[in-house]
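Source file: run.cif (mmCIF, C-alpha atoms)
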```cif
data_my_file
loop_
_atom_site.group_PDB
_atom_site.id
_atom_site.type_symbol
_atom_site.label_atom_id
_atom_site.label_comp_id
_atom_site.auth_asym_id
_atom_site.auth_seq_id
_atom_site.Cartn_x
_atom_site.Cartn_y
_atom_site.Cartn_z
ATOM 1 C CA MET A 1 11.040 -31.022 -12.565
ATOM 2 C CA ASN A 2 9.153 -30.882 -9.264
ATOM 3 C CA GLN A 3 5.486 -29.981 -9.082
ATOM 4 C CA ILE A 4 4.790 -26.267 -9.484
ATOM 5 C CA ALA A 5 3.173 -24.298 -6.650
ATOM 6 C CA VAL A 6 2.071 -20.677 -7.206
ATOM 7 C CA PHE A 7 1.185 -18.296 -4.382
ATOM 8 C CA SER A 8 0.277 -14.612 -4.546
ATOM 9 C CA GLY A 9 0.763 -11.738 -2.169
ATOM 10 C CA SER A 10 -1.909 -9.093 -1.734
ATOM 11 C CA ALA A 11 -0.366 -6.601 -4.194
ATOM 12 C CA HIS A 12 -1.911 -7.905 -7.446
ATOM 13 C CA PRO A 13 -3.862 -11.167 -7.046
ATOM 14 C CA ASP A 14 -5.745 -10.611 -10.326
ATOM 15 C CA LEU A 15 -2.492 -10.899 -12.299
ATOM 16 C CA ALA A 16 -1.554 -14.035 -10.363
ATOM 17 C CA LYS A 17 -4.936 -15.579 -11.238
ATOM 18 C CA GLU A 18 -4.348 -14.817 -14.938
ATOM 19 C CA ILE A 19 -0.892 -16.393 -14.785
ATOM 20 C CA CYS A 20 -2.266 -19.544 -13.142
ATOM 21 C CA ALA A 21 -5.052 -19.761 -15.729
ATOM 22 C CA ASP A 22 -2.407 -19.706 -18.488
ATOM 23 C CA LEU A 23 -0.326 -22.318 -16.672
ATOM 24 C CA GLY A 24 -3.342 -24.503 -15.952
ATOM 25 C CA VAL A 25 -2.538 -24.714 -12.234
ATOM 26 C CA PRO A 26 -4.464 -23.473 -9.187
ATOM 27 C CA LEU A 27 -3.500 -20.313 -7.349
ATOM 28 C CA LEU A 28 -2.761 -21.585 -3.859
ATOM 29 C CA PRO A 29 -4.068 -19.634 -0.851
ATOM 30 C CA THR A 30 -2.010 -17.208 1.205
ATOM 31 C CA ARG A 31 -3.097 -15.740 4.533
ATOM 32 C CA VAL A 32 -1.818 -12.359 5.725
ATOM 33 C CA LYS A 33 -2.464 -11.529 9.366
ATOM 34 C CA ARG A 34 -1.710 -8.301 11.208
ATOM 35 C CA PHE A 35 -0.888 -8.393 14.909
ATOM 36 C CA SER A 36 -1.934 -5.762 17.422
ATOM 37 C CA ASN A 37 1.599 -4.287 17.324
ATOM 38 C CA ASP A 38 1.193 -3.706 13.527
ATOM 39 C CA CYS A 39 3.559 -6.525 12.541
ATOM 40 C CA ILE A 40 2.346 -8.838 9.793
ATOM 41 C CA GLU A 41 2.476 -12.606 9.547
ATOM 42 C CA VAL A 42 2.230 -14.551 6.286
ATOM 43 C CA GLN A 43 1.160 -18.167 5.999
ATOM 44 C CA LEU A 44 1.346 -20.176 2.754
ATOM 45 C CA GLN A 45 -1.714 -22.393 3.115
ATOM 46 C CA ALA A 46 -0.666 -25.274 0.866
ATOM 47 C CA ASN A 47 2.165 -27.806 0.738
ATOM 48 C CA CYS A 48 5.564 -26.489 -0.420
ATOM 49 C CA ARG A 49 7.831 -29.417 0.462
ATOM 50 C CA GLU A 50 10.106 -30.307 -2.463
ATOM 51 C CA GLN A 51 7.988 -28.222 -4.836
ATOM 52 C CA ASP A 52 8.987 -25.563 -7.371
ATOM 53 C CA VAL A 53 7.461 -22.524 -5.642
ATOM 54 C CA PHE A 54 6.648 -19.248 -7.419
ATOM 55 C CA LEU A 55 5.670 -16.245 -5.295
ATOM 56 C CA VAL A 56 3.915 -13.534 -7.325
ATOM 57 C CA GLN A 57 4.158 -10.073 -5.792
ATOM 58 C CA THR A 58 4.546 -6.848 -7.743
ATOM 59 C CA LEU A 59 5.980 -3.898 -5.812
ATOM 60 C CA SER A 60 3.040 -1.519 -6.090
ATOM 61 C CA ALA A 61 1.957 1.069 -3.534
ATOM 62 C CA PRO A 62 2.255 0.756 -0.606
ATOM 63 C CA VAL A 63 5.624 -0.561 -1.786
ATOM 64 C CA GLN A 64 7.199 -1.109 1.641
ATOM 65 C CA GLU A 65 4.153 -3.071 2.858
ATOM 66 C CA HIS A 66 4.182 -5.325 -0.201
ATOM 67 C CA LEU A 67 7.950 -5.766 -0.065
ATOM 68 C CA MET A 68 7.817 -6.899 3.571
ATOM 69 C CA GLU A 69 4.996 -9.267 2.697
ATOM 70 C CA LEU A 70 7.120 -10.794 -0.083
ATOM 71 C CA LEU A 71 10.121 -11.221 2.223
ATOM 72 C CA LEU A 72 7.950 -13.079 4.739
ATOM 73 C CA MET A 73 6.490 -15.254 1.961
ATOM 74 C CA LEU A 74 10.023 -16.157 0.850
ATOM 75 C CA ASP A 75 11.026 -17.031 4.411
ATOM 76 C CA ALA A 76 7.876 -19.129 4.855
ATOM 77 C CA ALA A 77 8.534 -21.088 1.643
ATOM 78 C CA ARG A 78 12.161 -21.707 2.624
ATOM 79 C CA GLY A 79 11.078 -22.886 6.074
ATOM 80 C CA ALA A 80 8.555 -25.214 4.427
ATOM 81 C CA SER A 81 11.377 -27.011 2.533
ATOM 82 C CA ALA A 82 10.542 -25.796 -0.975
ATOM 83 C CA ALA A 83 12.838 -27.308 -3.605
ATOM 84 C CA ARG A 84 13.297 -23.934 -5.330
ATOM 85 C CA ILE A 85 11.765 -20.508 -4.736
ATOM 86 C CA THR A 86 11.285 -17.950 -7.509
ATOM 87 C CA ALA A 87 10.165 -14.415 -6.648
ATOM 88 C CA VAL A 88 7.976 -13.212 -9.520
ATOM 89 C CA ILE A 89 8.138 -9.402 -9.308
ATOM 90 C CA PRO A 90 6.505 -7.882 -12.412
ATOM 91 C CA HIS A 91 7.448 -4.359 -11.287
ATOM 92 C CA TYR A 92 10.683 -4.061 -9.301
ATOM 93 C CA SER A 93 10.047 -0.493 -8.172
ATOM 94 C CA TYR A 94 13.375 -0.080 -6.358
ATOM 95 C CA ALA A 95 15.151 -0.305 -9.712
ATOM 96 C CA ARG A 96 14.980 3.508 -9.829
ATOM 97 C CA SER A 97 17.381 3.609 -6.871
ATOM 98 C CA ASP A 98 20.341 2.410 -8.947
ATOM 99 C CA LYS A 99 23.120 4.921 -8.304
ATOM 100 C CA LYS A 100 24.543 7.284 -5.727
ATOM 101 C CA ASP A 101 23.771 10.678 -7.283
ATOM 102 C CA ALA A 102 23.880 12.628 -4.001
ATOM 103 C CA PRO A 103 25.977 12.344 -0.815
ATOM 104 C CA ARG A 104 24.963 9.908 1.944
ATOM 105 C CA ILE A 105 22.114 8.123 0.168
ATOM 106 C CA SER A 106 21.518 4.389 -0.153
ATOM 107 C CA ILE A 107 21.372 2.378 -3.359
ATOM 108 C CA GLY A 108 17.998 0.808 -2.657
ATOM 109 C CA GLY A 109 17.944 -1.380 -5.751
ATOM 110 C CA ARG A 110 20.989 -3.319 -4.539
ATOM 111 C CA LEU A 111 19.849 -3.480 -0.910
ATOM 112 C CA VAL A 112 16.441 -4.920 -1.808
ATOM 113 C CA ALA A 113 18.118 -7.461 -4.120
ATOM 114 C CA ASP A 114 20.243 -8.591 -1.158
ATOM 115 C CA LEU A 115 17.166 -8.785 1.083
ATOM 116 C CA LEU A 116 15.347 -11.023 -1.403
ATOM 117 C CA LYS A 117 18.239 -13.492 -1.471
ATOM 118 C CA THR A 118 18.624 -13.428 2.308
ATOM 119 C CA ALA A 119 14.894 -14.105 2.740
ATOM 120 C CA GLY A 120 15.091 -17.198 0.543
ATOM 121 C CA ALA A 121 14.778 -16.322 -3.156
ATOM 122 C CA ASP A 122 16.705 -18.748 -5.391
ATOM 123 C CA ARG A 123 15.688 -16.904 -8.549
ATOM 124 C CA VAL A 124 13.913 -13.698 -9.617
ATOM 125 C CA LEU A 125 11.576 -13.184 -12.564
ATOM 126 C CA THR A 126 10.886 -9.548 -13.361
ATOM 127 C CA MET A 127 9.914 -7.275 -16.226
ATOM 128 C CA THR A 128 11.400 -4.102 -17.730
ATOM 129 C CA LEU A 129 13.846 -2.899 -15.101
ATOM 130 C CA HIS A 130 14.195 0.886 -15.011
ATOM 131 C CA SER A 131 17.944 0.533 -15.654
ATOM 132 C CA PRO A 132 19.620 -2.564 -17.178
ATOM 133 C CA GLN A 133 22.494 -2.335 -14.690
ATOM 134 C CA VAL A 134 20.085 -3.208 -11.852
ATOM 135 C CA HIS A 135 20.265 -6.764 -13.172
ATOM 136 C CA GLY A 136 23.826 -6.861 -11.827
ATOM 137 C CA PHE A 137 22.686 -6.059 -8.272
ATOM 138 C CA PHE A 138 21.339 -9.595 -7.852
ATOM 139 C CA SER A 139 23.522 -12.509 -6.753
ATOM 140 C CA VAL A 140 20.821 -15.015 -7.766
ATOM 141 C CA PRO A 141 19.760 -15.767 -11.380
ATOM 142 C CA VAL A 142 17.406 -13.153 -12.828
ATOM 143 C CA ASP A 143 15.104 -13.611 -15.811
ATOM 144 C CA HIS A 144 14.485 -10.085 -17.089
ATOM 145 C CA LEU A 145 11.531 -9.989 -19.485
ATOM 146 C CA HIS A 146 10.195 -7.006 -21.413
ATOM 147 C CA ALA A 147 6.756 -6.087 -22.748
ATOM 148 C CA LEU A 148 7.882 -4.769 -26.130
ATOM 149 C CA HIS A 149 6.375 -7.742 -27.949
ATOM 150 C CA GLU A 150 2.937 -7.067 -26.416
ATOM 151 C CA LEU A 151 3.190 -3.340 -27.118
ATOM 152 C CA ALA A 152 4.388 -3.876 -30.692
ATOM 153 C CA SER A 153 1.550 -6.302 -31.406
ATOM 154 C CA HIS A 154 -0.907 -3.644 -30.274
ATOM 155 C CA PHE A 155 0.532 -0.851 -32.426
ATOM 156 C CA ARG A 156 0.853 -3.006 -35.539
ATOM 157 C CA ARG A 157 -2.939 -2.794 -35.812
ATOM 158 C CA PHE A 158 -2.593 0.841 -36.890
ATOM 159 C CA ASP A 159 -1.228 2.521 -40.013
ATOM 160 C CA LEU A 160 2.421 3.162 -39.141
ATOM 161 C CA SER A 161 3.505 4.591 -42.501
ATOM 162 C CA ASN A 162 3.841 8.073 -40.941
ATOM 163 C CA ALA A 163 4.818 7.008 -37.411
ATOM 164 C CA VAL A 164 7.925 7.678 -35.350
ATOM 165 C CA VAL A 165 8.877 6.203 -31.961
ATOM 166 C CA VAL A 166 10.069 8.822 -29.466
ATOM 167 C CA SER A 167 11.924 8.112 -26.224
ATOM 168 C CA PRO A 168 11.489 10.773 -23.505
ATOM 169 C CA ASP A 169 15.205 10.555 -22.698
ATOM 170 C CA LEU A 170 18.470 9.288 -24.125
ATOM 171 C CA GLY A 171 18.758 6.586 -21.456
ATOM 172 C CA ASN A 172 15.778 4.766 -22.952
ATOM 173 C CA ALA A 173 16.840 5.388 -26.567
ATOM 174 C CA LYS A 174 18.320 1.908 -27.110
ATOM 175 C CA THR A 175 15.055 0.230 -26.142
ATOM 176 C CA ALA A 176 13.077 2.748 -28.222
ATOM 177 C CA ALA A 177 15.319 2.005 -31.221
ATOM 178 C CA ALA A 178 14.677 -1.735 -30.898
ATOM 179 C CA PHE A 179 10.944 -1.054 -30.622
ATOM 180 C CA ALA A 180 11.063 1.202 -33.689
ATOM 181 C CA ARG A 181 12.883 -1.497 -35.684
ATOM 182 C CA SER A 182 10.151 -3.985 -34.844
ATOM 183 C CA LEU A 183 7.519 -1.532 -36.098
ATOM 184 C CA GLY A 184 9.532 -0.423 -39.114
ATOM 185 C CA THR A 185 9.571 3.230 -38.066
ATOM 186 C CA PRO A 186 12.275 5.845 -37.387
ATOM 187 C CA VAL A 187 13.194 6.816 -33.843
ATOM 188 C CA ALA A 188 13.758 10.092 -32.001
ATOM 189 C CA ALA A 189 14.568 11.037 -28.402
ATOM 190 C CA GLY A 190 14.264 13.895 -25.971
ATOM 191 C CA ALA A 191 17.294 15.404 -24.263
ATOM 192 C CA LYS A 192 15.982 15.217 -20.689
ATOM 193 C CA GLU A 193 17.399 16.474 -17.413
ATOM 194 C CA ARG A 194 15.733 15.398 -14.163
ATOM 195 C CA ILE A 195 15.410 18.238 -11.631
ATOM 196 C CA THR A 196 13.444 16.425 -8.896
ATOM 197 C CA ASP A 197 11.508 13.170 -8.608
ATOM 198 C CA THR A 198 8.509 14.788 -10.317
ATOM 199 C CA GLN A 199 10.121 17.647 -12.292
ATOM 200 C CA VAL A 200 12.112 17.303 -15.517
ATOM 201 C CA ARG A 201 13.438 19.611 -18.207
ATOM 202 C CA ILE A 202 13.685 18.667 -21.887
ATOM 203 C CA SER A 203 15.955 20.968 -23.863
ATOM 204 C CA ALA A 204 15.503 19.502 -27.349
ATOM 205 C CA ILE A 205 14.202 16.619 -29.430
ATOM 206 C CA ILE A 206 16.814 14.709 -31.403
ATOM 207 C CA GLY A 207 15.214 13.430 -34.591
ATOM 208 C CA GLU A 208 12.415 14.428 -36.968
ATOM 209 C CA VAL A 209 8.840 14.562 -35.636
ATOM 210 C CA ARG A 210 7.258 17.288 -37.798
ATOM 211 C CA GLY A 211 4.007 16.058 -39.320
ATOM 212 C CA LYS A 212 4.530 12.624 -37.744
ATOM 213 C CA ASP A 213 2.260 10.322 -35.736
ATOM 214 C CA VAL A 214 4.314 9.922 -32.563
ATOM 215 C CA ILE A 215 4.462 6.847 -30.331
ATOM 216 C CA ILE A 216 6.103 7.830 -27.036
ATOM 217 C CA LEU A 217 7.740 4.804 -25.376
ATOM 218 C CA ASP A 218 8.811 4.817 -21.723
ATOM 219 C CA ASP A 219 9.466 2.084 -19.181
ATOM 220 C CA GLU A 220 7.093 3.553 -16.573
ATOM 221 C CA ILE A 221 4.802 6.509 -16.031
ATOM 222 C CA ALA A 222 4.391 7.737 -12.460
ATOM 223 C CA SER A 223 3.266 11.377 -12.282
ATOM 224 C CA GLY A 224 3.325 11.871 -16.052
ATOM 225 C CA GLY A 225 5.589 14.922 -15.736
ATOM 226 C CA SER A 226 8.130 13.691 -18.285
ATOM 227 C CA ILE A 227 5.426 12.962 -20.853
ATOM 228 C CA LEU A 228 3.721 16.332 -20.356
ATOM 229 C CA GLU A 229 7.055 18.128 -20.755
ATOM 230 C CA LEU A 230 7.787 16.100 -23.896
ATOM 231 C CA LEU A 231 4.355 16.920 -25.329
ATOM 232 C CA LYS A 232 5.207 20.639 -25.262
ATOM 233 C CA HIS A 233 8.259 20.059 -27.439
ATOM 234 C CA LEU A 234 6.421 17.691 -29.777
ATOM 235 C CA ARG A 235 3.793 20.384 -30.398
ATOM 236 C CA ALA A 236 6.463 23.034 -30.916
ATOM 237 C CA ASN A 237 8.146 20.739 -33.446
ATOM 238 C CA GLY A 238 4.921 20.091 -35.361
ATOM 239 C CA ALA A 239 3.984 16.528 -34.383
ATOM 240 C CA ARG A 240 0.585 15.532 -35.809
ATOM 241 C CA SER A 241 -0.700 13.083 -33.170
ATOM 242 C CA VAL A 242 0.590 11.263 -30.088
ATOM 243 C CA ARG A 243 0.127 7.828 -28.561
ATOM 244 C CA VAL A 244 1.770 7.100 -25.208
ATOM 245 C CA ALA A 245 3.049 3.630 -24.279
ATOM 246 C CA CYS A 246 4.789 2.196 -21.224
ATOM 247 C CA THR A 247 5.237 -1.119 -19.436
ATOM 248 C CA HIS A 248 4.535 -0.011 -15.877
ATOM 249 C CA GLY A 249 1.498 2.235 -15.413
ATOM 250 C CA ILE A 250 2.072 3.598 -11.918
ATOM 251 C CA PHE A 251 -0.244 6.535 -12.683
ATOM 252 C CA GLY A 252 -0.106 8.499 -9.441
ATOM 253 C CA SER A 253 -1.473 12.012 -8.982
ATOM 254 C CA ASP A 254 -4.263 11.545 -11.559
ATOM 255 C CA ALA A 255 -1.654 10.986 -14.272
ATOM 256 C CA VAL A 256 -4.084 9.204 -16.602
ATOM 257 C CA ALA A 257 -6.613 12.035 -16.449
ATOM 258 C CA ARG A 258 -3.908 14.656 -16.952
ATOM 259 C CA LEU A 259 -2.456 12.912 -19.991
ATOM 260 C CA ALA A 260 -5.856 12.087 -21.460
ATOM 261 C CA ALA A 261 -6.861 15.751 -21.174
ATOM 262 C CA GLU A 262 -4.161 16.662 -23.709
ATOM 263 C CA PRO A 263 -6.043 17.036 -27.028
ATOM 264 C CA ASP A 264 -3.299 15.549 -29.218
ATOM 265 C CA VAL A 265 -2.992 12.381 -27.092
ATOM 266 C CA ILE A 266 -5.061 9.737 -28.884
ATOM 267 C CA GLU A 267 -4.306 6.760 -26.645
ATOM 268 C CA ILE A 268 -2.417 5.730 -23.496
ATOM 269 C CA VAL A 269 -1.193 2.114 -23.490
ATOM 270 C CA CYS A 270 0.336 0.179 -20.590
ATOM 271 C CA THR A 271 0.462 -3.374 -19.271
ATOM 272 C CA ASN A 272 -1.045 -4.912 -16.150
ATOM 273 C CA THR A 273 2.204 -5.301 -14.192
ATOM 274 C CA LEU A 274 0.571 -2.977 -11.645
ATOM 275 C CA PRO A 275 -3.026 -3.060 -10.389
ATOM 276 C CA ASN A 276 -3.457 0.713 -10.475
ATOM 277 C CA ALA A 277 -3.548 0.795 -14.279
ATOM 278 C CA ALA A 278 -6.512 -1.556 -14.549
ATOM 279 C CA ARG A 279 -8.439 0.391 -11.917
ATOM 280 C CA GLN A 280 -8.154 3.759 -13.676
ATOM 281 C CA ALA A 281 -10.812 3.170 -16.301
ATOM 282 C CA HIS A 282 -10.651 5.814 -19.029
ATOM 283 C CA GLY A 283 -11.681 5.895 -22.651
ATOM 284 C CA LYS A 284 -8.118 6.657 -23.796
ATOM 285 C CA LEU A 285 -6.451 4.000 -21.612
ATOM 286 C CA THR A 286 -5.663 0.536 -23.000
ATOM 287 C CA VAL A 287 -4.245 -2.117 -20.632
ATOM 288 C CA LEU A 288 -2.448 -5.120 -22.161
ATOM 289 C CA SER A 289 -1.880 -8.337 -20.229
ATOM 290 C CA VAL A 290 1.616 -9.704 -19.625
ATOM 291 C CA ALA A 291 0.244 -12.789 -17.844
ATOM 292 C CA PRO A 292 0.903 -15.076 -20.874
ATOM 293 C CA ALA A 293 4.550 -13.932 -21.059
ATOM 294 C CA LEU A 294 5.121 -14.414 -17.327
ATOM 295 C CA ALA A 295 3.333 -17.781 -17.374
ATOM 296 C CA GLU A 296 5.467 -19.022 -20.284
ATOM 297 C CA ALA A 297 8.653 -17.910 -18.508
ATOM 298 C CA MET A 298 7.536 -19.719 -15.349
ATOM 299 C CA ARG A 299 6.768 -22.867 -17.360
ATOM 300 C CA ARG A 300 10.224 -22.755 -18.958
ATOM 301 C CA ILE A 301 11.919 -22.200 -15.586
ATOM 302 C CA ASN A 302 10.016 -25.180 -14.176
ATOM 303 C CA ASN A 303 10.966 -27.377 -17.155
ATOM 304 C CA GLY A 304 14.599 -26.261 -17.238
ATOM 305 C CA GLU A 305 14.192 -24.681 -20.690
ATOM 306 C CA SER A 306 15.766 -21.499 -22.032
ATOM 307 C CA VAL A 307 13.932 -18.320 -21.087
ATOM 308 C CA SER A 308 16.015 -16.178 -23.439
ATOM 309 C CA ALA A 309 14.411 -18.085 -26.337
ATOM 310 C CA LEU A 310 11.261 -16.074 -25.598
ATOM 311 C CA PHE A 311 13.005 -13.078 -27.178
ATOM 312 C CA GLU A 312 13.832 -14.758 -30.470
ATOM 313 C CA GLU A 313 10.410 -14.069 -31.988
ATOM 314 C CA GLY A 314 9.924 -10.769 -30.203
ATOM 315 C CA VAL A 315 11.875 -7.570 -29.703
ATOM 316 C CA ALA A 316 15.150 -7.987 -27.826
ATOM 317 C CA PRO A 317 16.908 -4.727 -26.858
ATOM 318 C CA GLU A 318 18.854 -6.521 -24.130
ATOM 319 C CA ARG A 319 19.522 -10.262 -23.992
ATOM 320 C CA VAL A 320 19.665 -10.422 -20.223
ATOM 321 C CA ALA A 321 17.546 -13.462 -19.413
ATOM 322 C CA ALA A 322 19.512 -15.833 -17.220
ATOM 323 C CA GLU A 323 19.818 -19.404 -18.434
#
```
Would you write out, as structure tokens, the structure that this file holds?
Amino acid sequence: MNQIAVFSGSAHPDLAKEICADLGVPLLPTRVKRFSNDCIEVQLQANCREQDVFLVQTLSAPVQEHLMELLLMLDAARGASAARITAVIPHYSYARSDKKDAPRISIGGRLVADLLKTAGADRVLTMTLHSPQVHGFFSVPVDHLHALHELASHFRRFDLSNAVVVSPDLGNAKTAAAFARSLGTPVAAGAKERITDTQVRISAIIGEVRGKDVIILDDEIASGGSILELLKHLRANGARSVRVACTHGIFGSDAVARLAAEPDVIEIVCTNTLPNAARQAHGKLTVLSVAPALAEAMRRINNGESVSALFEEGVAPERVAAE
């Protein structure tokens, strides 16, 4: 395959540096300039011609700023005659906009997928989409990784003889069940109804949690409202202790501090798909790196190898990696 070239946007350069260290390649420089009219210009400051270009940009806050930056990076790489362009988006935040659940609203997940292709993306590499159906919004190949292997490796260090994995909602129950199988534990789920973006209602917990050491598994934690609501029901149902785990630690509105203040929460675990998680240092917060997983996927894409094979030794709730 052609020589690999990795560039990073300004959203999460530390993750891009980790990925390049695992790949054994340099992180090539990118310049972002802002004009007096507030428009931005992006320049990839290394050769792209006939190279296999990977653009690393997670969609963290400010999401719109980082999205526009990625679109300009894609256009710049296409204009520089790159052989292939892969958008590496560890957190595809618009995946939450996956359906029309109110009149006259847009389906942002599909629109952004179209924008990425139009800007020049030949392929997308992402991790733990909020809804599996978002994978179908893309008209370019998508390699959809998950962080369950990293999370499972972390929790296997503990005594799991009395543990149970709990999903905050039924929509995530399939992934939670796969995670529980990998840990050798039972699974339970909350019956959740979302009222607003930050307000939810859980009517019941399906499954046995009394006297159990609970591991709550979610795809992302933003305000922490769902977890706090779930904690009330876990206490009422006699849970002994709680650990909280997610892939994407958005952690807005002091979510880490609010969750850590709960006395029965022993630990909060997330990955470094977003920079905010690593910056919120707290004694109860553990941040796991997904750089090795992303680097291995990028190496396989570059070599024309199967990416879905990465799931064979890990936990595979959905075999959605594109060949």
*Selection near A:Ala293, 12 Å with only C-alpha atoms, sequence-local residues under 5 positions removed, as an NGL selection string*: :A and (15 or 18-20 or 22-23 or 90 or 125-127 or 143-150 or 271-273 or 288 or 298-300 or 307-311 or 314)
Please save C-alpha atoms of the selected residues as a compact mmCIF listing (two decimals), keeping the file's coordinate frame.
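File written: out_28.txt
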```txt
# COMPACT_ATOMS: atom_id res chain seq x y z
CA LEU A 15 -2.49 -10.90 -12.30
CA GLU A 18 -4.35 -14.82 -14.94
CA ILE A 19 -0.89 -16.39 -14.78
CA CYS A 20 -2.27 -19.54 -13.14
CA ASP A 22 -2.41 -19.71 -18.49
CA LEU A 23 -0.33 -22.32 -16.67
CA PRO A 90 6.50 -7.88 -12.41
CA LEU A 125 11.58 -13.18 -12.56
CA THR A 126 10.89 -9.55 -13.36
CA MET A 127 9.91 -7.28 -16.23
CA ASP A 143 15.10 -13.61 -15.81
CA HIS A 144 14.48 -10.09 -17.09
CA LEU A 145 11.53 -9.99 -19.48
CA HIS A 146 10.20 -7.01 -21.41
CA ALA A 147 6.76 -6.09 -22.75
CA LEU A 148 7.88 -4.77 -26.13
CA HIS A 149 6.38 -7.74 -27.95
CA GLU A 150 2.94 -7.07 -26.42
CA THR A 271 0.46 -3.37 -19.27
CA ASN A 272 -1.04 -4.91 -16.15
CA THR A 273 2.20 -5.30 -14.19
CA LEU A 288 -2.45 -5.12 -22.16
CA MET A 298 7.54 -19.72 -15.35
CA ARG A 299 6.77 -22.87 -17.36
CA ARG A 300 10.22 -22.76 -18.96
CA VAL A 307 13.93 -18.32 -21.09
CA SER A 308 16.02 -16.18 -23.44
CA ALA A 309 14.41 -18.08 -26.34
CA LEU A 310 11.26 -16.07 -25.60
CA PHE A 311 13.00 -13.08 -27.18
CA GLY A 314 9.92 -10.77 -30.20
```
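Proximity to A:Leu259 was assessed for A:Arg31, A:Lys284, A:His12, A:Arg240 counting only C-alpha atoms; the smallest distance is recorded for A:Lys284.
Proximity ranking of A:His248, A:His91, A:Arg243, A:Arg34 relative to A:Ile268 places A:Arg243 first, based on only C-alpha atoms.
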_For the provided coordinates, the residues matched by the PyMOL selection byres ((chain A and resi 174-190) around 10) should be stated as an MDAnalysis selection string._
chainID A and resid 146 148:149 151:153 155:156 160:173 191:193 201:209 214:219 226 229:230 233:234 314:318
Expected file: the selected residues, C-alpha atoms, as a compact mmCIF listing (two decimals), in the frame of the given file:
```txt
# COMPACT_ATOMS: atom_id res chain seq x y z
CA HIS A 146 10.20 -7.01 -21.41
CA LEU A 148 7.88 -4.77 -26.13
CA HIS A 149 6.38 -7.74 -27.95
CA LEU A 151 3.19 -3.34 -27.12
CA ALA A 152 4.39 -3.88 -30.69
CA SER A 153 1.55 -6.30 -31.41
CA PHE A 155 0.53 -0.85 -32.43
CA ARG A 156 0.85 -3.01 -35.54
CA LEU A 160 2.42 3.16 -39.14
CA SER A 161 3.50 4.59 -42.50
CA ASN A 162 3.84 8.07 -40.94
CA ALA A 163 4.82 7.01 -37.41
CA VAL A 164 7.92 7.68 -35.35
CA VAL A 165 8.88 6.20 -31.96
CA VAL A 166 10.07 8.82 -29.47
CA SER A 167 11.92 8.11 -26.22
CA PRO A 168 11.49 10.77 -23.50
CA ASP A 169 15.20 10.56 -22.70
CA LEU A 170 18.47 9.29 -24.12
CA GLY A 171 18.76 6.59 -21.46
CA ASN A 172 15.78 4.77 -22.95
CA ALA A 173 16.84 5.39 -26.57
CA ALA A 191 17.29 15.40 -24.26
CA LYS A 192 15.98 15.22 -20.69
CA GLU A 193 17.40 16.47 -17.41
CA ARG A 201 13.44 19.61 -18.21
CA ILE A 202 13.68 18.67 -21.89
CA SER A 203 15.96 20.97 -23.86
CA ALA A 204 15.50 19.50 -27.35
CA ILE A 205 14.20 16.62 -29.43
CA ILE A 206 16.81 14.71 -31.40
CA GLY A 207 15.21 13.43 -34.59
CA GLU A 208 12.42 14.43 -36.97
CA VAL A 209 8.84 14.56 -35.64
CA VAL A 214 4.31 9.92 -32.56
CA ILE A 215 4.46 6.85 -30.33
CA ILE A 216 6.10 7.83 -27.04
CA LEU A 217 7.74 4.80 -25.38
CA ASP A 218 8.81 4.82 -21.72
CA ASP A 219 9.47 2.08 -19.18
CA SER A 226 8.13 13.69 -18.28
CA GLU A 229 7.06 18.13 -20.76
CA LEU A 230 7.79 16.10 -23.90
CA HIS A 233 8.26 20.06 -27.44
CA LEU A 234 6.42 17.69 -29.78
CA GLY A 314 9.92 -10.77 -30.20
CA VAL A 315 11.88 -7.57 -29.70
CA ALA A 316 15.15 -7.99 -27.83
CA PRO A 317 16.91 -4.73 -26.86
CA GLU A 318 18.85 -6.52 -24.13
```
*Pull out every residue that the PyMOL selection byres ((chain A and resi 115) around 12) matches in the shown coordinates and put them as a PyMOL selection string.*
chain A and resi 67-68+70-72+74-75+87+108-114+116-122+137-140
*Expanded to explicit residues, what is the PyMOL selection byres ((chain A and resi 33) around 12) for this file, as a PyMOL selection string?*
chain A and resi 9-10+30-32+34-44+69+72
Selection file, C-alpha atoms, as an mmCIF file, keeping the file's coordinate frame:
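Once everything was written out, this is part.cif:
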```
data_model
loop_
_atom_site.group_PDB
_atom_site.id
_atom_site.type_symbol
_atom_site.label_atom_id
_atom_site.label_comp_id
_atom_site.auth_asym_id
_atom_site.auth_seq_id
_atom_site.Cartn_x
_atom_site.Cartn_y
_atom_site.Cartn_z
ATOM 1 C CA GLY A 9 0.763 -11.738 -2.169
ATOM 2 C CA SER A 10 -1.909 -9.093 -1.734
ATOM 3 C CA THR A 30 -2.010 -17.208 1.205
ATOM 4 C CA ARG A 31 -3.097 -15.740 4.533
ATOM 5 C CA VAL A 32 -1.818 -12.359 5.725
ATOM 6 C CA ARG A 34 -1.710 -8.301 11.208
ATOM 7 C CA PHE A 35 -0.888 -8.393 14.909
ATOM 8 C CA SER A 36 -1.934 -5.762 17.422
ATOM 9 C CA ASN A 37 1.599 -4.287 17.324
ATOM 10 C CA ASP A 38 1.193 -3.706 13.527
ATOM 11 C CA CYS A 39 3.559 -6.525 12.541
ATOM 12 C CA ILE A 40 2.346 -8.838 9.793
ATOM 13 C CA GLU A 41 2.476 -12.606 9.547
ATOM 14 C CA VAL A 42 2.230 -14.551 6.286
ATOM 15 C CA GLN A 43 1.160 -18.167 5.999
ATOM 16 C CA LEU A 44 1.346 -20.176 2.754
ATOM 17 C CA GLU A 69 4.996 -9.267 2.697
ATOM 18 C CA LEU A 72 7.950 -13.079 4.739
#
```
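If you measure from each of A:Gly211, A:Ala82, A:Val6, A:Glu220 to A:Ala236 using all atoms listed in the file, the closest one turns out to be A:Gly211.
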